[in-house]
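Quick notes on the structure that follows.
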Amino acid sequence: MNTKQMAAEQAVQYVQDGMKVGLGTGSTAYWAIAKLGERVAEGLRITAVATSVASEEQARGLGIPLLGFGEIGRLDLTIDGADELNDRLELIKGGGGALLREKIVAMNSDRMIVVADESKAVPKLGRFPLPVEIVPFAWEWTLDAIRALGCTPELRKSGDQLYRTDNGNYIADCRFGEIASAQQLADALQRIPGVVEHGLFIGIASLAIIGHSDGRIEVK
Ligand code: 5RP
């Protein structure tokens, strides 16, 4: 079993009968959805919403009951991956481009468990370029405003085309280097018109489960 799978399967143990669950996106969340599918096949009764088209398709294929956002109400628990996390459980997310839906789902959950392998745990955020979702309209100006905050933003590509999120927007991957204050940066990004959402998750995750290559599973 790989380290991502170890962390993801441990997180699924927190899912109880009757819960409403948010399904994350990415190669770690994939394992959580796979395990949930197994447990549903064994009789676990849950309802779920997904944070991406890819996760929705995976869940549907496994027979995990999915509900619309208007039907399900507040979620009990969301399990999702991260690109980086620090000891304060501040995260960088959006490497898979799903940060907006992931943040909406996580913030409508009583609890978010982050699942990751050991490479994601860092003393300071910022080695991973921060994904920022921006609207296509006047993206050049939005990029200028982001650049003025002290980074080198680059529009994400998919082959020769600009990458589009599930919401039809662009992603700017922003190299800030070490981020001294995630909160200050988040506030500054939020003030820029054209920025839909950024990948800093602050005060959202309540637990992190980290798989280590020596077989240890760290919970913090
Ligand atoms: C997608 C995300 C993912 O959770 C993040 O990129 C981690 O992905 P992986 O588990 O594949 O390493 O934020 O938008």
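Each chain in the structure tokens gets a letter, A, B, ..., in the order shown, and its residues are numbered from 1; ligands are numbered from 1 in order too.
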Give me, as an NGL selection string, all polymer residues having an atom no more than 7 Å from Leu89 in chain A, counting only C-alpha atoms and skipping those fewer than 3 positions away in the same chain. :A and (85-86 or 205)
Please write the residues from the selection above to a file, keeping C-alpha atoms, as a CSV table (one decimal), in the first residue's frame.
```
chain,number,residue,atom,x,y,z
A,85,LEU,CA,0.4,21.6,4.8
A,86,ASN,CA,2.1,23.2,7.8
A,205,ALA,CA,-8.9,21.7,8.2
```
Dump as a tab-separated table the rows for residues of chain A within 6 Å of ligand 1: closest atom pair and distance in Å with one decimal, only C-alpha atoms and all ligand atoms counted, ordered by chain and rising residue number.
```
residue	atom	partner	partner_atom_place_in_ligand_line	distance
A:Thr25	CA	ligand 1	1 (C)	5.0
A:Gly26	CA	ligand 1	11 (O)	3.8
A:Ser27	CA	ligand 1	11 (O)	3.5
A:Thr28	CA	ligand 1	10 (O)	3.7
A:Ala29	CA	ligand 1	10 (O)	5.8
A:Asp80	CA	ligand 1	4 (O)	5.6
A:Gly81	CA	ligand 1	4 (O)	3.5
A:Ala82	CA	ligand 1	7 (C)	4.1
A:Asp83	CA	ligand 1	7 (C)	4.6
A:Lys93	CA	ligand 1	13 (O)	3.7
A:Gly94	CA	ligand 1	14 (O)	3.3
A:Gly95	CA	ligand 1	6 (O)	3.5
A:Gly96	CA	ligand 1	1 (C)	3.5
A:Gly97	CA	ligand 1	14 (O)	4.3
A:Ala98	CA	ligand 1	14 (O)	3.7
A:Leu99	CA	ligand 1	14 (O)	4.7
```
May I have the selected residues written with C-alpha atoms, as an mmCIF file, in the first residue's frame?
```cif
data_model
loop_
_atom_site.group_PDB
_atom_site.id
_atom_site.type_symbol
_atom_site.label_atom_id
_atom_site.label_comp_id
_atom_site.auth_asym_id
_atom_site.auth_seq_id
_atom_site.Cartn_x
_atom_site.Cartn_y
_atom_site.Cartn_z
ATOM 1 C CA THR A 25 -10.046 15.556 -5.540
ATOM 2 C CA GLY A 26 -6.643 14.212 -6.502
ATOM 3 C CA SER A 27 -4.569 11.062 -6.230
ATOM 4 C CA THR A 28 -4.852 10.858 -2.399
ATOM 5 C CA ALA A 29 -8.574 11.608 -2.259
ATOM 6 C CA ASP A 80 -9.417 15.840 0.782
ATOM 7 C CA GLY A 81 -5.758 16.013 -0.153
ATOM 8 C CA ALA A 82 -3.381 18.980 -0.156
ATOM 9 C CA ASP A 83 -0.314 20.150 -2.012
ATOM 10 C CA LYS A 93 -4.552 23.290 -2.454
ATOM 11 C CA GLY A 94 -5.465 23.421 -6.109
ATOM 12 C CA GLY A 95 -2.694 21.430 -7.756
ATOM 13 C CA GLY A 96 -5.492 19.449 -9.383
ATOM 14 C CA GLY A 97 -7.379 22.635 -10.264
ATOM 15 C CA ALA A 98 -10.397 21.961 -8.027
ATOM 16 C CA LEU A 99 -9.665 24.515 -5.293
#
```
Taking 4 positions as the minimum chain separation for residues in the same chain, which residues sit within 10 Å of range 206-216 of chain A when counting only C-alpha atoms? Answer as a PyMOL selection string. chain A and resi 1-11+79-82+85-90+110-121+220
Take the residues that were just selected and, keeping C-alpha atoms, output them as a short mmCIF file (atom, residue, chain, number, x, y, z; two decimals), in the first residue's frame.
```
data_model
loop_
_atom_site.label_atom_id
_atom_site.label_comp_id
_atom_site.auth_asym_id
_atom_site.auth_seq_id
_atom_site.Cartn_x
_atom_site.Cartn_y
_atom_site.Cartn_z
CA MET A 1 0.00 0.00 0.00
CA ASN A 2 1.42 3.43 -0.86
CA THR A 3 1.66 6.29 1.62
CA LYS A 4 -1.25 8.23 0.10
CA GLN A 5 -3.48 5.18 0.31
CA MET A 6 -2.45 4.55 3.93
CA ALA A 7 -3.47 8.08 4.95
CA ALA A 8 -6.69 8.03 2.92
CA GLU A 9 -7.86 4.68 4.28
CA GLN A 10 -7.18 5.80 7.85
CA ALA A 11 -9.34 8.89 7.26
CA ILE A 79 -11.81 14.17 3.21
CA ASP A 80 -9.42 15.84 0.78
CA GLY A 81 -5.76 16.01 -0.15
CA ALA A 82 -3.38 18.98 -0.16
CA LEU A 85 0.38 21.64 4.83
CA ASN A 86 2.11 23.18 7.81
CA ASP A 87 1.86 22.45 11.54
CA ARG A 88 -0.99 24.97 11.93
CA LEU A 89 -2.97 22.93 9.37
CA GLU A 90 -2.81 25.78 6.89
CA ASP A 110 -18.39 20.39 10.15
CA ARG A 111 -14.98 18.80 9.75
CA MET A 112 -12.29 18.56 7.07
CA ILE A 113 -9.66 15.83 7.28
CA VAL A 114 -6.59 16.39 5.13
CA VAL A 115 -4.89 13.28 3.80
CA ALA A 116 -1.37 13.41 2.43
CA ASP A 117 1.93 11.65 2.12
CA GLU A 118 4.92 12.93 4.07
CA SER A 119 6.23 15.03 1.16
CA LYS A 120 3.34 17.47 1.65
CA ALA A 121 4.16 18.38 5.25
CA LYS A 220 -2.16 15.94 13.76
#
```
Just how far from CA of Gln161 in chain A is CA of Asp144 in chain A, in Å to one decimal? 20.8 Å
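Minimum atom-to-atom distance to Ala180 in chain A, evaluated using only C-alpha atoms, belongs to A:Arg127 out of A:Lys103, A:Arg39, A:Arg127, A:Arg74.
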Can you tell me, as a VMD selection string, which residues in chain A count as strand (DSSP E or B) by DSSP? chain A and resid 20 to 23 47 to 50 66 75 77 to 80 84 to 85 91 to 92 109 112 to 117 121 130 to 134 152 to 155 157 to 158 161 to 162 170 to 175 195 to 198 200 to 201 207 to 211 217 to 219
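Omitting Pro65 in chain A and its sequence neighbours fewer than 4 positions away, and counting only C-alpha atoms, the residues within 9 Å are Val40, Arg45, Ile46, Thr47, Ala48, Val49, Ala59 and Arg60 of chain A.
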